[in-house]
Number of protein chains: 2
Amino acid sequence: MKREKKADLLQGTLDMLILKAVSLGPLHGYGIIQRIHQMSGEMLQVEQGSLYPALYRIEQKGWVTSQWEVNETGRRAKFYSITRAGASQLEAEEASWDRLVLAIAKVRQAT
Amino acid sequence: MKREKKADLLQGTLDMLILKAVSLGPLHGYGIIQRIHQMSGEMLQVEQGSLYPALYRIEQKGWVTSQWEVNETGRRAKFYSITRAGASQLEAEEASWDRLVLAIAKVRQAT
DNA sequence: CAGCACACCTTGACATCCTAGGCATCCCTT
DNA sequence: AAGGGATGCCTAGGATGTCAAGGTGTGCTG
């Protein structure tokens, strides 16, 4: 089983992406994947095996809440909504991301 | 043992930082930590327990070579030099990083 | 009715990172 | 002279997050 080294997105960024996607309005898991894919201009592809554990994790931390509903096509799906705590977590992660991007930019511009 | 959630830098960025630091000239492990710290404007702090395994990994992949030398203060230290393969790996990782930063920026600007 | 998209979930493997140690040398201060 | 701190290397163990690969079921469409 040759493990191709993957790492599409870096560890730690997924929570931020999910929170961002959900912050635009309640959404179910499958839709979150699509929304992130679309928002990123088809650059980011979140795997289901990454998403569902992440959603569980995030819900445990109180950043989102979930409830089963029926979507517009008549299928049942678990809709996630962002909480107040989730919104501030999103802010914090975005700020942290900005700091990291800045720091790495500094390293890269060094001669 | 309460594990404080850390994750100073994201997984996957360390190799790039090390390669960048070494690309400016041969350097030993301890110095790499200091150089990254300094280049980042004191924002990034690489732990020794992260660095040395990473260096071993990177050397195995042929991206750096090492040899014991004596530095200007008379201490023996293992100096790492970047290889041709390491240089192109650095380029690839920087390009990949740019793509990720761009993709996440797109997600974040979505309304 | 076969196949695909939708929608959920779990398991196991894996890489990477951090904490927390250990070891040795040199220099500075007390 | 002793002690501590900085320099310099390393390892072991555990925590985490992601991915590949599987499984389940429903509804639509050709």
# chains A, B, ... in the order shown; residues from 1 in each chain; ligands from 1
$ select_by_dssp --residues "segment 47-110 of chain A" --states "strand (DSSP E or B)" --output "ChimeraX atom specification"
/A:64-70,76-82
$ write_last_selection --atoms "N, CA and C atoms" --output "PDB file, in the first residue's frame"
ATOM      1  N   VAL A  64     -20.564  24.741  16.987  1.00  0.00           N
ATOM      2  CA  VAL A  64     -21.748  24.610  16.122  1.00  0.00           C
ATOM      3  C   VAL A  64     -22.790  23.765  16.862  1.00  0.00           C
ATOM      4  N   THR A  65     -24.016  23.898  16.401  1.00  0.00           N
ATOM      5  CA  THR A  65     -25.080  23.006  16.868  1.00  0.00           C
ATOM      6  C   THR A  65     -25.675  22.347  15.640  1.00  0.00           C
ATOM      7  N   SER A  66     -26.315  21.215  15.872  1.00  0.00           N
ATOM      8  CA  SER A  66     -26.855  20.495  14.719  1.00  0.00           C
ATOM      9  C   SER A  66     -28.287  20.069  14.974  1.00  0.00           C
ATOM     10  N   GLN A  67     -29.036  19.942  13.909  1.00  0.00           N
ATOM     11  CA  GLN A  67     -30.368  19.334  14.019  1.00  0.00           C
ATOM     12  C   GLN A  67     -30.774  18.758  12.676  1.00  0.00           C
ATOM     13  N   TRP A  68     -31.480  17.650  12.780  1.00  0.00           N
ATOM     14  CA  TRP A  68     -31.933  16.983  11.565  1.00  0.00           C
ATOM     15  C   TRP A  68     -33.088  17.771  10.972  1.00  0.00           C
ATOM     16  N   GLU A  69     -32.955  17.988   9.681  1.00  0.00           N
ATOM     17  CA  GLU A  69     -34.022  18.686   8.976  1.00  0.00           C
ATOM     18  C   GLU A  69     -34.196  18.062   7.611  1.00  0.00           C
ATOM     19  N   VAL A  70     -35.101  18.626   6.872  1.00  0.00           N
ATOM     20  CA  VAL A  70     -35.321  18.163   5.513  1.00  0.00           C
ATOM     21  C   VAL A  70     -34.973  19.306   4.580  1.00  0.00           C
ATOM     22  N   ARG A  76     -33.556  14.074   4.181  1.00  0.00           N
ATOM     23  CA  ARG A  76     -33.190  14.451   5.536  1.00  0.00           C
ATOM     24  C   ARG A  76     -31.676  14.626   5.614  1.00  0.00           C
ATOM     25  N   ALA A  77     -31.310  15.618   6.368  1.00  0.00           N
ATOM     26  CA  ALA A  77     -29.885  15.922   6.507  1.00  0.00           C
ATOM     27  C   ALA A  77     -29.688  16.657   7.821  1.00  0.00           C
ATOM     28  N   LYS A  78     -28.467  16.575   8.307  1.00  0.00           N
ATOM     29  CA  LYS A  78     -28.149  17.167   9.604  1.00  0.00           C
ATOM     30  C   LYS A  78     -27.580  18.552   9.359  1.00  0.00           C
ATOM     31  N   PHE A  79     -28.309  19.526   9.744  1.00  0.00           N
ATOM     32  CA  PHE A  79     -27.896  20.902   9.492  1.00  0.00           C
ATOM     33  C   PHE A  79     -27.119  21.467  10.668  1.00  0.00           C
ATOM     34  N   TYR A  80     -26.018  22.074  10.349  1.00  0.00           N
ATOM     35  CA  TYR A  80     -25.158  22.668  11.367  1.00  0.00           C
ATOM     36  C   TYR A  80     -25.277  24.185  11.325  1.00  0.00           C
ATOM     37  N   SER A  81     -25.380  24.777  12.525  1.00  0.00           N
ATOM     38  CA  SER A  81     -25.418  26.228  12.644  1.00  0.00           C
ATOM     39  C   SER A  81     -24.275  26.673  13.540  1.00  0.00           C
ATOM     40  N   ILE A  82     -23.731  27.804  13.227  1.00  0.00           N
ATOM     41  CA  ILE A  82     -22.633  28.318  14.035  1.00  0.00           C
ATOM     42  C   ILE A  82     -23.182  28.962  15.306  1.00  0.00           C
TER      43      ILE A  82
END
$ residues_around --residues "DT10 of chain C" --least-positions-apart "2" --cutoff "10 Å" --atoms "only C-alpha atoms (C1' of nucleotides)" --output "compact mmCIF listing (two decimals) with C-alpha atoms (C1' of nucleotides), in the first residue's frame"
# COMPACT_ATOMS: atom_id res chain seq x y z
CA GLY A 49 -13.41 11.11 6.14
CA TYR A 52 -17.36 14.20 9.67
CA PRO A 53 -14.88 13.66 12.48
C1' DG C 12 -7.32 1.90 10.63
C1' DG D 22 -14.91 0.93 3.46
C1' DG D 23 -20.14 0.61 4.85
$ interface_residues --of "chain B" --to "chain A" --cutoff "7 Å" --atoms "only C-alpha atoms" --output "list in words"
Leu10, Gln11, Gly12, Leu24, Ile36, Met39, Ser40, Met43, Leu44, Ala103, Ile104, Lys106, Val107, Ala110 and Thr111 of chain B
$ closest_residue --among "A:Ala92, A:Ala54, A:Ile18, A:Ile32" --to "chain D" --atoms "only C-alpha atoms (C1' of nucleotides)"
A:Ala54
$ interface_residues --of "chain D" --to "chain B" --cutoff "8 Å" --atoms "only C-alpha atoms (C1' of nucleotides)" --output "ChimeraX atom specification"
/D:7-8,10
$ closest_atom_pairs --of "chain C" --to "chain A" --cutoff "10 Å" --atoms "only C-alpha atoms (C1' of nucleotides)" --output "JSON lines"
{"residue": "C:DC6", "atom": "C1'", "partner": "A:Tyr30", "partner_atom": "CA", "distance": 7.9}
{"residue": "C:DA7", "atom": "C1'", "partner": "A:Tyr30", "partner_atom": "CA", "distance": 6.4}
{"residue": "C:DC8", "atom": "C1'", "partner": "A:Ala77", "partner_atom": "CA", "distance": 8.1}
{"residue": "C:DC9", "atom": "C1'", "partner": "A:Tyr52", "partner_atom": "CA", "distance": 7.6}
{"residue": "C:DT10", "atom": "C1'", "partner": "A:Gly49", "partner_atom": "CA", "distance": 8.9}
{"residue": "C:DA13", "atom": "C1'", "partner": "A:Arg3", "partner_atom": "CA", "distance": 9.6}
{"residue": "C:DC14", "atom": "C1'", "partner": "A:Arg3", "partner_atom": "CA", "distance": 8.5}
{"residue": "C:DA15", "atom": "C1'", "partner": "A:Lys5", "partner_atom": "CA", "distance": 9.0}
{"residue": "C:DT16", "atom": "C1'", "partner": "A:Gln11", "partner_atom": "CA", "distance": 9.5}
$ write_last_selection --atoms "C-alpha atoms (C1' of nucleotides)" --output "CSV table (one decimal), in the first residue's frame"
chain,number,residue,atom,x,y,z
C,6,DC,C1',-26.9,12.6,-2.3
C,7,DA,C1',-26.1,12.1,2.7
C,8,DC,C1',-24.4,9.9,6.8
C,9,DC,C1',-20.8,7.4,9.4
C,10,DT,C1',-16.6,4.4,11.1
C,13,DA,C1',-3.1,3.7,9.2
C,14,DC,C1',0.0,7.4,9.0
C,15,DA,C1',2.7,11.6,9.4
C,16,DT,C1',3.8,15.3,12.2
$ select_by_dssp --residues "chain A" --states "helix (DSSP H, G or I)" --output "PyMOL selection string"
chain A and resi 13-23+29-39+48-60+84-109
$ residues_around --residues "DT29 of chain D" --least-positions-apart "3" --cutoff "12 Å" --atoms "only C-alpha atoms (C1' of nucleotides)" --output "number ranges by chain"
C: 1-5
$ write_last_selection --atoms "N, CA and C atoms (P, O5', C5', C4', C3', O3' and C1' of nucleotides)" --output "mmCIF file, in the first residue's frame"
data_model
loop_
_atom_site.group_PDB
_atom_site.id
_atom_site.type_symbol
_atom_site.label_atom_id
_atom_site.label_comp_id
_atom_site.auth_asym_id
_atom_site.auth_seq_id
_atom_site.Cartn_x
_atom_site.Cartn_y
_atom_site.Cartn_z
ATOM 1 P P DC C 1 -36.807 -5.251 -11.909
ATOM 2 O "O5'" DC C 1 -35.298 -4.863 -12.136
ATOM 3 C "C5'" DC C 1 -34.671 -4.884 -13.392
ATOM 4 C "C4'" DC C 1 -33.518 -3.890 -13.280
ATOM 5 C "C3'" DC C 1 -32.986 -3.734 -11.847
ATOM 6 O "O3'" DC C 1 -31.589 -3.471 -11.931
ATOM 7 C "C1'" DC C 1 -33.633 -1.657 -12.624
ATOM 8 P P DA C 2 -30.533 -4.590 -11.776
ATOM 9 O "O5'" DA C 2 -29.313 -3.909 -12.550
ATOM 10 C "C5'" DA C 2 -29.593 -3.295 -13.812
ATOM 11 C "C4'" DA C 2 -28.749 -2.046 -13.980
ATOM 12 C "C3'" DA C 2 -27.594 -1.929 -13.008
ATOM 13 O "O3'" DA C 2 -26.471 -1.428 -13.719
ATOM 14 C "C1'" DA C 2 -29.048 -0.059 -12.750
ATOM 15 P P DG C 3 -25.092 -1.360 -12.993
ATOM 16 O "O5'" DG C 3 -24.927 0.222 -12.864
ATOM 17 C "C5'" DG C 3 -25.261 1.039 -13.990
ATOM 18 C "C4'" DG C 3 -25.349 2.483 -13.553
ATOM 19 C "C3'" DG C 3 -24.247 2.914 -12.590
ATOM 20 O "O3'" DG C 3 -23.729 4.148 -13.050
ATOM 21 C "C1'" DG C 3 -26.363 3.502 -11.713
ATOM 22 P P DC C 4 -22.263 4.587 -12.640
ATOM 23 O "O5'" DC C 4 -22.525 6.047 -12.071
ATOM 24 C "C5'" DC C 4 -23.367 6.936 -12.802
ATOM 25 C "C4'" DC C 4 -24.111 7.860 -11.857
ATOM 26 C "C3'" DC C 4 -23.228 8.503 -10.780
ATOM 27 O "O3'" DC C 4 -23.198 9.898 -11.022
ATOM 28 C "C1'" DC C 4 -25.310 7.746 -9.893
ATOM 29 P P DA C 5 -22.161 10.794 -10.264
ATOM 30 O "O5'" DA C 5 -23.098 11.625 -9.268
ATOM 31 C "C5'" DA C 5 -24.156 12.393 -9.808
ATOM 32 C "C4'" DA C 5 -25.102 12.794 -8.693
ATOM 33 C "C3'" DA C 5 -24.413 13.494 -7.517
ATOM 34 O "O3'" DA C 5 -25.177 14.636 -7.173
ATOM 35 C "C1'" DA C 5 -25.650 11.631 -6.734
#
$ atom_distance --atom1 "atom CA of Thr83 of chain B" --atom2 "atom CA of Gly62 of chain B"
7.2 Å
$ atom_distance --atom1 "atom CA of Lys61 of chain A" --atom2 "atom CA of Val46 of chain A"
20.6 Å
$ atom_distance --atom1 "atom CA of Val22 of chain A" --atom2 "atom CA of Glu72 of chain A"
17.5 Å
